[in-house]
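A.B. asks: I'm passing along work27.json; it holds JSON, C-alpha atoms.
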[["chain", "number", "residue", "atom", "x", "y", "z"],
["A", 86, "GLU", "CA", -104.89, -1.48, -70.92],
["A", 87, "ASN", "CA", -106.85, -3.70, -68.52],
["A", 88, "GLY", "CA", -109.67, -3.79, -71.06],
["A", 89, "ARG", "CA", -109.93, 0.00, -71.19],
["A", 90, "LEU", "CA", -109.12, 2.41, -73.99],
["A", 91, "LYS", "CA", -105.80, 4.20, -73.64],
["A", 92, "ASN", "CA", -104.15, 6.87, -75.83],
["A", 93, "VAL", "CA", -107.29, 7.28, -77.91],
["A", 94, "ARG", "CA", -106.84, 9.12, -81.23],
["A", 95, "LEU", "CA", -109.67, 10.06, -83.55],
["A", 96, "ALA", "CA", -108.89, 12.28, -86.54],
["A", 97, "PHE", "CA", -110.92, 13.60, -89.46],
["A", 98, "GLY", "CA", -110.09, 15.31, -92.73],
["A", 99, "GLY", "CA", -112.38, 17.44, -94.85],
["A", 100, "VAL", "CA", -114.19, 18.94, -91.87],
["A", 101, "ALA", "CA", -111.71, 21.66, -90.97],
["A", 102, "PRO", "CA", -109.12, 23.67, -92.90],
["A", 103, "TYR", "CA", -106.69, 20.79, -92.22],
["A", 104, "PRO", "CA", -107.00, 17.27, -90.73],
["A", 105, "ALA", "CA", -107.86, 17.60, -87.06],
["A", 106, "LEU", "CA", -108.23, 15.51, -83.93],
["A", 107, "ALA", "CA", -111.64, 15.14, -82.31],
["A", 108, "ARG", "CA", -110.23, 16.07, -78.90],
["A", 109, "GLU", "CA", -113.49, 16.19, -76.94],
["A", 110, "ALA", "CA", -114.52, 12.76, -78.24],
["A", 111, "MET", "CA", -111.05, 11.39, -77.49],
["A", 112, "THR", "CA", -111.26, 12.65, -73.91],
["A", 113, "PHE", "CA", -114.75, 11.18, -73.55],
["A", 114, "MET", "CA", -113.56, 7.74, -74.73],
["A", 115, "GLU", "CA", -110.31, 7.63, -72.75],
["A", 116, "GLY", "CA", -110.40, 4.99, -70.00],
["A", 117, "LYS", "CA", -113.72, 3.48, -71.07],
["A", 118, "GLN", "CA", -114.25, -0.19, -71.78],
["A", 119, "PRO", "CA", -115.27, -0.85, -75.41],
["A", 120, "ASP", "CA", -119.00, -1.13, -74.80],
["A", 121, "SER", "CA", -121.63, -0.10, -77.34],
["A", 122, "SER", "CA", -123.68, 1.63, -74.62],
["A", 123, "TRP", "CA", -121.64, 4.85, -75.07],
["A", 124, "PHE", "CA", -120.80, 4.68, -78.79],
["A", 125, "GLU", "CA", -123.67, 6.94, -79.90],
["A", 126, "GLU", "CA", -122.71, 9.61, -77.37],
["A", 127, "ALA", "CA", -119.08, 9.52, -78.51],
["A", 128, "ALA", "CA", -120.17, 9.82, -82.14],
["A", 129, "MET", "CA", -122.38, 12.83, -81.38],
["A", 130, "ILE", "CA", -119.57, 14.53, -79.46],
["A", 131, "ALA", "CA", -117.25, 14.03, -82.43],
["A", 132, "ALA", "CA", -119.88, 15.31, -84.89],
["A", 133, "THR", "CA", -120.57, 18.49, -82.95],
["A", 134, "GLU", "CA", -116.90, 19.20, -82.32],
["A", 135, "PHE", "CA", -116.36, 20.45, -85.85],
["A", 136, "LYS", "CA", -118.03, 23.29, -87.72],
["A", 137, "PRO", "CA", -117.35, 22.29, -91.32],
["A", 138, "ILE", "CA", -118.13, 24.69, -94.13],
["A", 139, "SER", "CA", -120.81, 24.04, -96.70],
["A", 140, "ASP", "CA", -119.46, 23.93, -100.23],
["A", 141, "ILE", "CA", -119.97, 22.20, -103.54],
["A", 142, "ARG", "CA", -118.80, 18.88, -102.05],
["A", 143, "GLY", "CA", -121.25, 18.87, -99.15],
["A", 144, "ARG", "CA", -123.23, 20.85, -96.64],
["A", 145, "GLU", "CA", -122.21, 21.26, -93.01],
["A", 146, "GLU", "CA", -124.98, 18.93, -91.82],
["A", 147, "TYR", "CA", -123.93, 16.25, -94.29],
["A", 148, "ARG", "CA", -120.33, 16.37, -93.09],
["A", 149, "GLN", "CA", -121.40, 16.20, -89.44],
["A", 150, "THR", "CA", -123.52, 13.16, -90.27],
["A", 151, "LEU", "CA", -120.47, 11.58, -91.93],
["A", 152, "ILE", "CA", -118.39, 12.19, -88.80],
["A", 153, "ARG", "CA", -121.07, 10.58, -86.64],
["A", 154, "ASN", "CA", -121.49, 7.59, -88.94],
["A", 155, "HIS", "CA", -117.77, 6.99, -89.40],
["A", 156, "THR", "CA", -117.20, 7.18, -85.64],
["A", 157, "LEU", "CA", -119.99, 4.67, -84.98],
["A", 158, "ARG", "CA", -118.75, 2.32, -87.70],
["A", 159, "PHE", "CA", -115.19, 2.47, -86.41],
["A", 160, "LEU", "CA", -116.22, 1.81, -82.80],
["A", 161, "ASP", "CA", -118.49, -1.09, -83.82],
["A", 162, "GLU", "CA", -115.75, -2.68, -85.93],
["A", 163, "PHE", "CA", -113.17, -2.13, -83.19],
["A", 164, "LYS", "CA", -115.40, -3.83, -80.61],
["A", 165, "ASN", "CA", -116.23, -6.71, -82.98],
["A", 166, "ASN", "CA", -112.52, -7.29, -83.62],
["A", 167, "LEU", "CA", -111.84, -7.35, -79.89],
["A", 168, "ASP", "CA", -114.71, -9.81, -79.38],
["A", 169, "LEU", "CA", -113.34, -12.08, -82.11],
["A", 170, "ALA", "CA", -109.81, -11.87, -80.71],
["A", 171, "GLY", "CA", -111.14, -12.79, -77.27],
["A", 172, "LYS", "CA", -112.76, -15.92, -78.72],
["A", 173, "GLY", "CA", -109.51, -16.94, -80.35],
["A", 174, "LEU", "CA", -110.83, -16.43, -83.88]]
Written as structure tokens, that's how I'd like the structure from this file.
C.D. replies:
Amino acid sequence: ENGRLKNVRLAFGGVAPYPALAREAMTFMEGKQPDSSWFEEAAMIAATEFKPISDIRGREEYRQTLIRNHTLRFLDEFKNNLDLAGKGL
């Protein structure tokens, strides 16, 4: 809305006993313009929001890195798609 994020939803599976929303990251992103200057901070908030267990499929640190990387990738792709849409491509 007006170039700002509204009704942000960011969910992850495999980092909690059941799929869960990254509520702190969602609150942080709400109302912001899609600008890469805050993407890293949003990704770190999302990564530290969860305390995943370490098991045979991955250690806690690995899963937190995945959360960070997936959040960054999503935000970058989202912004690139908006940029392309704005250019009429």
A.B. asks: Between A:Glu145, A:Ile152, A:Met114, A:Leu106, which is the closest to A:Ala132 once you count all atoms listed in the file?
C.D. replies: A:Ile152
A.B. asks: How many Å lie between atom CA of A:Tyr147 and atom CA of A:Phe124, rounded to one decimal?
C.D. replies: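 Atom-to-atom, atom CA of A:Tyr147 and atom CA of A:Phe124 are spaced 19.6 Å apart.
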A.B. asks: Which residue, A:Gly88, A:Gly171, A:Pro102, A:Gly116, has the smallest gap to A:Pro137 when you use all atoms listed in the file?
C.D. replies: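 The shortest atom-to-atom distance to A:Pro137 comes from A:Pro102.
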A.B. asks: Measure the distance from atom CA of A:Arg144 to atom CA of A:Arg158 in Å and round it to one decimal.
C.D. replies: 21.1 Å
A.B. asks: Taking all atoms of stretch 153-164 of chain A that the file lists and extending 6 Å past them on each side, where is the centre of the axis-aligned box and how long are its edges? Answer in Å to one decimal, as lines of an AutoDock Vina configuration file.
C.D. replies:
center_x = -117.3
center_y = 3.4
center_z = -85.0
size_x = 20.3
size_y = 26.4
size_z = 20.8
A.B. asks: Nearest to A:Leu95: which of A:Lys136, A:Arg108, A:Arg153, A:Arg142 is it, counting only C-alpha atoms?
C.D. replies: A:Arg108
A.B. asks: Please indicate the distance in Å from atom CA of A:Glu115 to atom CA of A:Asn92, rounded to one decimal place.
C.D. replies: 6.9 Å
A.B. asks: From the set A:Ala105, A:Glu162, A:Thr150, A:Asp168, which residue has the shortest atom-to-atom contact distance to A:Ala128, counting all atoms listed in the file?
C.D. replies: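 Closest to A:Ala128 of all the choices is A:Thr150.
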A.B. asks: Please determine, counting all atoms listed in the file, which residue among A:Leu151, A:Leu157, A:Met129, A:Leu169 has the shortest atom-to-atom distance to A:Ala110.
C.D. replies: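 Comparing A:Leu151, A:Leu157, A:Met129, A:Leu169 against A:Ala110, the winner is A:Met129.
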A.B. asks: So, with only C-alpha atoms as the atoms that count, which of A:Val100, A:Trp123, A:Asn154, A:Phe163 lies closest to A:Ile138?
C.D. replies: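 The closest residue to A:Ile138 is A:Val100.
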A.B. asks: Using only C-alpha atoms, which residues sit within 10 Å of A:Glu109 once same-chain residues fewer than 5 positions away are excluded, as a PyMOL selection string?
C.D. replies: chain A and resi 95+114+127+130-131+133-134
